[in-house]
>>> print(open('query-v1.csv').read())   # CSV, C-alpha atoms
chain,number,residue,atom,x,y,z
A,9,MET,CA,345.4,136.0,378.9
A,10,VAL,CA,343.4,132.7,378.4
A,11,GLU,CA,343.9,130.8,375.1
A,12,LEU,CA,340.8,130.6,372.9
A,13,THR,CA,338.9,127.4,372.5
A,14,ASP,CA,338.3,126.3,368.9
A,15,PRO,CA,340.3,129.2,367.5
A,16,PRO,CA,340.0,130.1,363.9
A,17,VAL,CA,343.2,129.8,361.7
A,18,LEU,CA,345.1,133.1,361.5
A,19,GLU,CA,347.7,133.3,358.8
A,20,HIS,CA,350.9,135.2,359.3
A,21,GLY,CA,353.8,136.8,357.4
A,22,PHE,CA,357.3,137.7,358.4
A,23,VAL,CA,358.4,141.4,358.3
A,24,GLN,CA,362.0,142.5,358.5
A,25,GLY,CA,363.5,146.0,358.6
A,26,ARG,CA,366.7,147.8,359.5
A,27,PHE,CA,367.3,151.5,360.1
A,28,VAL,CA,370.7,153.1,360.4
A,29,THR,CA,372.1,156.6,360.6
A,30,ALA,CA,375.2,158.1,359.0
A,31,VAL,CA,377.4,159.9,361.4
A,32,ALA,CA,380.6,161.9,360.9
A,33,ASP,CA,383.8,159.8,360.8
A,34,THR,CA,385.2,158.6,364.1
A,35,LEU,CA,388.5,157.1,365.1
A,36,ASP,CA,387.0,153.7,365.2
A,37,ASP,CA,388.4,152.9,361.8
A,38,GLU,CA,391.2,154.0,359.5
A,39,ASP,CA,389.2,155.8,356.8
A,40,ARG,CA,387.8,159.3,356.9
A,41,TYR,CA,384.4,158.4,355.5
A,42,PRO,CA,381.0,158.7,357.3
A,43,ASP,CA,380.2,155.7,359.6
A,44,LEU,CA,376.9,153.9,359.8
A,45,ARG,CA,375.3,153.2,363.2
A,46,GLY,CA,372.1,151.5,364.2
A,47,ILE,CA,369.6,154.2,365.1
A,48,SER,CA,367.5,154.0,368.3
A,49,GLY,CA,363.8,154.2,368.0
A,50,ASN,CA,360.6,152.2,367.3
A,51,VAL,CA,358.4,151.1,364.4
A,52,ARG,CA,354.7,151.2,364.8
A,53,PHE,CA,352.4,148.9,362.7
A,54,THR,CA,348.7,149.8,362.6
A,55,ALA,CA,346.3,147.5,360.8
A,56,THR,CA,344.1,149.5,358.4
A,57,GLN,CA,341.1,147.1,358.7
A,58,PRO,CA,339.9,144.1,360.7
A,59,VAL,CA,340.5,140.6,359.4
A,60,ASN,CA,337.5,138.2,359.0
A,61,LEU,CA,338.4,134.6,359.6
A,62,VAL,CA,336.0,132.0,358.2
A,63,SER,CA,338.2,129.2,356.8
A,64,ALA,CA,338.5,127.0,359.8
A,65,GLY,CA,337.3,126.8,363.4
A,66,THR,CA,334.7,129.3,364.6
A,67,PRO,CA,334.4,132.3,362.3
A,68,ALA,CA,335.7,135.4,364.0
A,69,THR,CA,336.7,139.0,363.3
A,70,VAL,CA,340.2,139.9,364.3
A,71,VAL,CA,340.4,143.5,365.5
A,72,GLN,CA,344.2,144.2,365.7
A,73,GLN,CA,345.8,146.5,368.1
A,74,PRO,CA,348.8,148.6,367.0
A,75,VAL,CA,352.1,146.8,367.3
A,76,VAL,CA,355.1,148.9,368.4
A,77,LEU,CA,358.5,147.3,368.2
A,78,PRO,CA,362.0,148.5,369.1
A,79,LEU,CA,365.2,148.6,367.0
A,80,ASN,CA,368.2,146.9,368.5
A,81,ALA,CA,371.8,148.3,368.6
A,82,ASP,CA,372.4,147.3,365.0
A,83,GLY,CA,369.2,149.0,363.8
A,84,TRP,CA,367.2,145.8,363.3
A,85,LEU,CA,363.5,145.6,364.0
A,86,VAL,CA,363.1,143.0,366.8
A,87,ASP,CA,360.2,141.4,368.6
A,88,ALA,CA,360.4,140.1,372.2
A,89,HIS,CA,361.9,136.8,371.1
A,90,SER,CA,364.6,138.1,368.8
A,91,GLU,CA,365.4,140.9,371.2
A,92,ASP,CA,365.9,138.4,374.0
A,93,ASP,CA,367.9,135.9,371.9
A,94,PRO,CA,370.3,137.5,369.3
A,95,ALA,CA,370.6,134.1,367.6
A,96,ARG,CA,367.0,134.4,366.4
A,97,THR,CA,366.3,136.0,363.0
A,98,PRO,CA,365.4,139.7,363.7
A,99,GLY,CA,361.9,140.7,362.6
A,100,VAL,CA,358.3,140.1,363.5
A,101,TRP,CA,355.4,137.9,362.5
A,102,LEU,CA,352.3,139.9,361.7
A,103,ALA,CA,348.8,138.7,360.9
A,104,VAL,CA,348.2,138.9,357.1
A,105,GLY,CA,346.6,142.2,356.0
A,106,ARG,CA,347.4,145.8,355.3
A,107,TYR,CA,349.3,148.0,357.7
A,108,THR,CA,350.4,151.6,358.1
A,109,VAL,CA,354.1,151.8,359.0
A,110,GLN,CA,355.4,154.7,361.2
A,111,THR,CA,358.9,155.2,362.4
A,112,ILE,CA,359.7,157.0,365.7
A,113,PHE,CA,363.3,158.2,366.0
A,114,PRO,CA,364.1,160.5,369.0
A,115,SER,CA,367.2,161.9,367.5
A,116,ALA,CA,366.4,161.9,363.7
A,117,THR,CA,363.7,162.7,361.2
A,118,PRO,CA,361.3,159.8,360.8
A,119,VAL,CA,360.8,158.0,357.6
A,120,PRO,CA,357.6,159.2,355.9
A,121,GLN,CA,354.6,157.0,356.8
A,122,PHE,CA,353.9,154.3,354.2
A,123,SER,CA,351.7,151.2,353.8
A,124,ILE,CA,352.5,147.5,353.4
A,125,GLU,CA,350.5,144.3,352.7
A,126,VAL,CA,351.6,141.3,354.6
A,127,THR,CA,350.8,137.9,353.1
A,128,SER,CA,351.4,134.2,354.1
A,129,GLU,CA,354.1,134.1,351.4
A,130,HIS,CA,356.3,136.3,353.5
A,131,THR,CA,358.5,133.9,355.4
A,132,LYS,CA,361.8,134.2,357.3
A,133,GLU,CA,363.5,133.0,354.1
A,134,SER,CA,361.6,135.5,352.0
A,135,PRO,CA,360.4,138.3,354.3
A,136,LEU,CA,358.7,141.5,353.6
A,137,ASN,CA,361.5,144.0,353.8
A,138,LEU,CA,360.5,147.5,354.9
A,139,THR,CA,363.3,149.1,353.0
A,140,LEU,CA,362.2,147.6,349.7
A,141,ALA,CA,358.5,148.2,350.5
A,142,ALA,CA,358.9,151.9,351.3
A,143,PRO,CA,358.0,154.1,348.4
A,144,ILE,CA,360.6,156.5,346.9
A,145,ILE,CA,359.7,160.1,347.4
A,146,LEU,CA,361.1,162.1,344.5
A,147,PRO,CA,362.4,165.6,344.9
A,148,PRO,CA,360.7,168.4,342.9
A,149,ARG,CA,361.3,168.2,339.1
A,150,THR,CA,362.7,164.7,339.4
A,151,THR,CA,361.2,162.3,337.0
A,152,GLU,CA,363.1,159.1,337.6
A,153,VAL,CA,365.3,157.5,340.3
A,154,THR,CA,366.7,154.0,340.7
A,155,ARG,CA,367.8,152.6,344.0
A,156,VAL,CA,371.0,150.6,344.1
A,157,ILE,CA,369.1,147.6,345.4
A,158,ASP,CA,366.6,147.9,342.6
A,159,ARG,CA,369.4,147.9,340.0
A,160,GLN,CA,371.1,144.9,341.7
A,161,LEU,CA,367.8,142.9,341.8
A,162,ALA,CA,367.1,143.8,338.2
A,163,GLN,CA,370.6,142.6,337.1
A,164,GLU,CA,370.2,139.3,339.1
A,165,ALA,CA,366.8,138.7,337.6
A,166,ALA,CA,368.1,139.3,334.1
A,167,GLY,CA,371.0,136.9,334.7
A,168,GLU,CA,368.6,134.2,336.0
A,169,ALA,CA,366.3,134.8,333.0
A,170,GLN,CA,369.3,134.4,330.6
A,171,SER,CA,370.3,131.1,332.3
A,172,HIS,CA,366.8,129.7,332.1
A,173,ALA,CA,366.6,130.7,328.5
A,174,GLU,CA,369.9,129.0,327.6
A,175,ALA,CA,368.8,125.9,329.5
A,176,ALA,CA,365.4,125.9,327.7
A,177,SER,CA,367.2,126.3,324.4
A,178,GLN,CA,369.5,123.4,325.0
A,179,ALA,CA,366.6,121.2,326.1
A,180,ALA,CA,364.6,122.1,323.0
A,181,ALA,CA,367.6,121.3,320.8
A,182,MET,CA,367.9,117.9,322.5
A,183,VAL,CA,364.2,117.2,322.0
A,184,ASP,CA,364.5,118.2,318.3
A,185,GLU,CA,367.5,115.9,317.9
A,186,ILE,CA,365.8,112.9,319.4
A,187,ALA,CA,362.5,113.5,317.6
A,188,GLY,CA,363.9,114.4,314.2
A,189,GLY,CA,367.1,112.3,314.1
A,190,VAL,CA,369.4,115.3,313.7
A,191,GLU,CA,372.8,114.8,315.4
A,192,ALA,CA,374.2,118.1,316.8
A,193,GLY,CA,377.9,118.3,317.3
A,194,GLY,CA,378.9,114.9,315.9
A,195,PHE,CA,380.0,112.2,318.4
A,196,LEU,CA,380.0,112.6,322.1
A,197,LEU,CA,383.2,111.2,323.7
A,198,ASP,CA,382.2,108.9,326.6
A,199,GLN,CA,385.1,107.8,328.9
A,200,ARG,CA,383.9,104.8,330.9
A,201,GLY,CA,387.3,103.7,332.4
A,202,ASN,CA,387.5,100.1,333.8
A,203,VAL,CA,384.4,98.1,333.1
A,204,SER,CA,383.3,94.6,334.3
A,205,GLY,CA,379.9,93.1,334.4
A,206,THR,CA,377.4,95.4,332.6
A,207,LEU,CA,378.1,98.3,330.3
A,208,ASP,CA,374.8,100.3,330.5
A,209,LEU,CA,374.3,102.4,327.3
A,210,SER,CA,370.5,102.3,327.6
A,211,GLU,CA,370.2,106.1,328.2
A,212,VAL,CA,372.5,107.1,325.3
A,213,ALA,CA,370.6,109.7,323.3
A,214,ARG,CA,373.4,110.9,320.9
A,215,ASN,CA,376.0,109.4,318.7
A,216,HIS,CA,378.7,108.2,321.2
A,217,TYR,CA,382.3,107.2,321.1
A,218,VAL,CA,382.7,105.0,324.2
A,219,HIS,CA,386.2,104.2,325.5
A,220,LEU,CA,386.6,101.5,328.1
A,221,THR,CA,389.0,98.9,329.5
A,222,LEU,CA,387.7,95.4,329.9
A,223,THR,CA,388.7,94.2,333.4
A,224,GLY,CA,386.2,91.3,333.3
A,225,ASP,CA,383.6,89.8,331.0
A,226,VAL,CA,381.1,92.5,329.9
A,227,THR,CA,377.5,92.5,328.7
A,228,VAL,CA,376.2,95.6,326.9
A,229,ALA,CA,372.7,97.0,327.4
A,230,LEU,CA,371.7,99.1,324.4
A,231,PRO,CA,369.0,101.9,324.0
A,232,GLU,CA,365.6,100.3,323.3
A,233,SER,CA,364.1,103.0,321.1
A,234,PRO,CA,366.9,105.0,319.4
A,235,ILE,CA,366.3,107.0,316.2
A,236,PRO,CA,367.3,105.3,312.9
A,237,GLY,CA,371.0,105.9,312.1
A,238,ARG,CA,372.1,106.2,315.7
A,239,ILE,CA,375.8,105.1,316.0
A,240,ILE,CA,377.6,104.0,319.1
A,241,THR,CA,381.3,103.2,318.6
A,242,LEU,CA,383.0,101.0,321.2
A,243,VAL,CA,386.8,101.4,321.6
A,244,MET,CA,387.7,98.7,324.1
A,245,ALA,CA,391.1,97.6,325.4
A,246,GLN,CA,391.9,94.5,327.2
A,247,ASP,CA,393.5,94.9,330.6
A,248,ALA,CA,397.0,93.5,331.4
A,249,THR,CA,395.4,90.0,331.8
A,250,GLY,CA,393.5,89.9,328.5
A,251,GLY,CA,391.0,87.3,327.4
A,252,ARG,CA,387.9,89.3,328.4
A,253,SER,CA,384.7,88.8,326.4
A,254,LEU,CA,382.1,91.4,325.4
A,255,THR,CA,378.5,90.3,324.6
A,256,ILE,CA,375.7,92.4,323.1
A,257,PRO,CA,372.5,90.3,323.4
A,258,ASP,CA,370.3,92.6,321.4
A,259,ALA,CA,372.6,93.1,318.4
A,260,LEU,CA,373.0,91.3,315.0
A,261,SER,CA,376.2,90.8,313.1
A,262,ALA,CA,377.5,89.4,309.8
A,263,TYR,CA,376.7,85.8,309.3
A,264,GLY,CA,374.7,85.8,312.6
A,265,VAL,CA,377.9,85.4,314.7
A,266,LEU,CA,378.9,88.2,317.1
A,267,PRO,CA,382.6,89.2,316.9
A,268,VAL,CA,385.1,88.6,319.7
A,269,PRO,CA,387.3,91.3,321.1
A,270,ALA,CA,391.0,91.0,320.5
A,271,GLN,CA,392.1,88.7,323.3
A,272,GLY,CA,395.7,89.7,323.9
A,273,ALA,CA,396.8,91.7,326.9
A,274,ASN,CA,396.2,95.4,326.3
A,275,ALA,CA,394.8,94.6,322.8
A,276,VAL,CA,392.4,97.2,321.4
A,277,SER,CA,389.3,96.6,319.4
A,278,GLU,CA,386.9,99.0,317.7
A,279,TRP,CA,383.2,98.1,317.1
A,280,HIS,CA,380.5,100.2,315.5
A,281,LEU,CA,376.9,99.6,316.6
A,282,VAL,CA,374.4,101.0,314.1
A,283,PHE,CA,370.6,101.1,314.5
A,284,ASP,CA,369.0,100.6,311.1
A,285,GLY,CA,365.4,101.4,312.3
A,286,VAL,CA,364.7,97.8,313.3
A,287,ASP,CA,367.8,96.2,314.8
A,288,TRP,CA,371.2,97.1,316.2
A,289,LYS,CA,374.0,95.9,313.8
A,290,VAL,CA,377.6,95.3,314.8
A,291,ARG,CA,380.4,96.3,312.4
A,292,VAL,CA,384.0,95.6,313.3
A,293,SER,CA,386.9,98.0,312.2
A,294,GLY,CA,390.5,97.3,311.2
A,295,THR,CA,392.5,94.2,312.1
A,296,ASP,CA,389.8,92.9,314.3
A,297,ASP,CA,387.4,92.3,311.4
A,298,MET,CA,386.7,88.6,311.8
A,299,THR,CA,385.9,85.6,309.8
A,300,PRO,CA,383.0,83.7,311.3
A,301,THR,CA,383.7,80.4,313.0
A,302,GLU,CA,380.3,79.1,312.1
A,303,TRP,CA,377.5,79.9,309.6
A,304,SER,CA,373.9,80.8,310.3
A,305,VAL,CA,371.7,79.3,307.6
>>> encode(input="query-v1.csv", output="structure tokens")
Amino acid sequence: MVELTDPPVLEHGFVQGRFVTAVADTLDDEDRYPDLRGISGNVRFTATQPVNLVSAGTPATVVQQPVVLPLNADGWLVDAHSEDDPARTPGVWLAVGRYTVQTIFPSATPVPQFSIEVTSEHTKESPLNLTLAAPIILPPRTTEVTRVIDRQLAQEAAGEAQSHAEAASQAAAMVDEIAGGVEAGGFLLDQRGNVSGTLDLSEVARNHYVHLTLTGDVTVALPESPIPGRIITLVMAQDATGGRSLTIPDALSAYGVLPVPAQGANAVSEWHLVFDGVDWKVRVSGTDDMTPTEWSV
């Protein structure tokens, strides 16, 4: 058959289905329960109406012929490619549109005929599954029935919805905290380990207790637009060598002179950085509270 010249664009959707039969228990396994086997047969797809293509190329009307596909040994619906190569995903690509689905089983009662609508959103990753698309036929006087798969899907959807709701709630709380200046949960412990060069605190959005070990001279980068009252406490220890410096270019301190960390080997210093709405101020705790070596007049 010759390929068309200037063909219109025909969208497709992927359809997947599996049909099995339950047989009396065999000696193939240890239990005495019924066994499942792939059923032999075919599935027939009949388009209910032509498809008019006008979006690209030469406009055309697609008059579809019925598509009859076999089931493999495991009961999967297969096209010529997936039947020839078991490594391919079993199923079939159909042109978008509505179809009547008929099953033909030589040794079993066919599934009642039903309709499906194939769209371009049906992919190999998210196919139209015939088992899920088939309607449930209720016995007389039955008012409600729930398939196991429906219950599982509903439970999974509820779990995902709960996770999304919790994430949204946490995000909203963080936004409220940043916008309104309300600290939730006190201080956040932030273990930085060994630090040399730059201590980047520019993304800090909560009150922090930062623990670090100075293994070289360190310069601190602070948040540029924190809320007034934000506090960052630095608990810094010298390494076994000692003598490391810590500089905070954007901070002010008493008398205009920045403090110096305790210089001895393994010495510990604790500084409190407080944002007053205009500037970051450095306050020194305990024995490291210093007397300035020069005055700023």
>>> closest_residue(input="query-v1.csv", among="A:Ala275, A:Ala103, A:Val51, A:Ala32", to="A:Leu18", atoms="only C-alpha atoms")
A:Ala103
>>> closest_residue(input="query-v1.csv", among="A:Val100, A:Ala248, A:Ala175, A:Val268", to="A:Arg291", atoms="only C-alpha atoms")
A:Val268
>>> atom_distance(input="query-v1.csv", atom1="atom CA of A:Val23", atom2="atom CA of A:Lys132")
8.0 Å
>>> closest_residue(input="query-v1.csv", among="A:Gly83, A:Gly205, A:Pro67, A:Pro231", to="A:Pro16", atoms="all atoms listed in the file")
A:Pro67
>>> atom_distance(input="query-v1.csv", atom1="atom CA of A:Leu196", atom2="atom CA of A:Thr221")
18.0 Å
>>> atom_distance(input="query-v1.csv", atom1="atom CA of A:Phe53", atom2="atom CA of A:Ala162")
29.0 Å
>>> residues_around(input="query-v1.csv", residues="A:Gly237", least_positions_apart="4", cutoff="7 Å", atoms="all atoms listed in the file", output="ChimeraX atom specification")
/A:282-284
>>> closest_residue(input="query-v1.csv", among="A:Ala213, A:Leu61, A:Leu220, A:Val70", to="A:Ile235", atoms="only C-alpha atoms")
A:Ala213
>>> closest_residue(input="query-v1.csv", among="A:Glu129, A:Tyr107, A:Asp82, A:Pro98", to="A:Ala141", atoms="all atoms listed in the file")
A:Tyr107
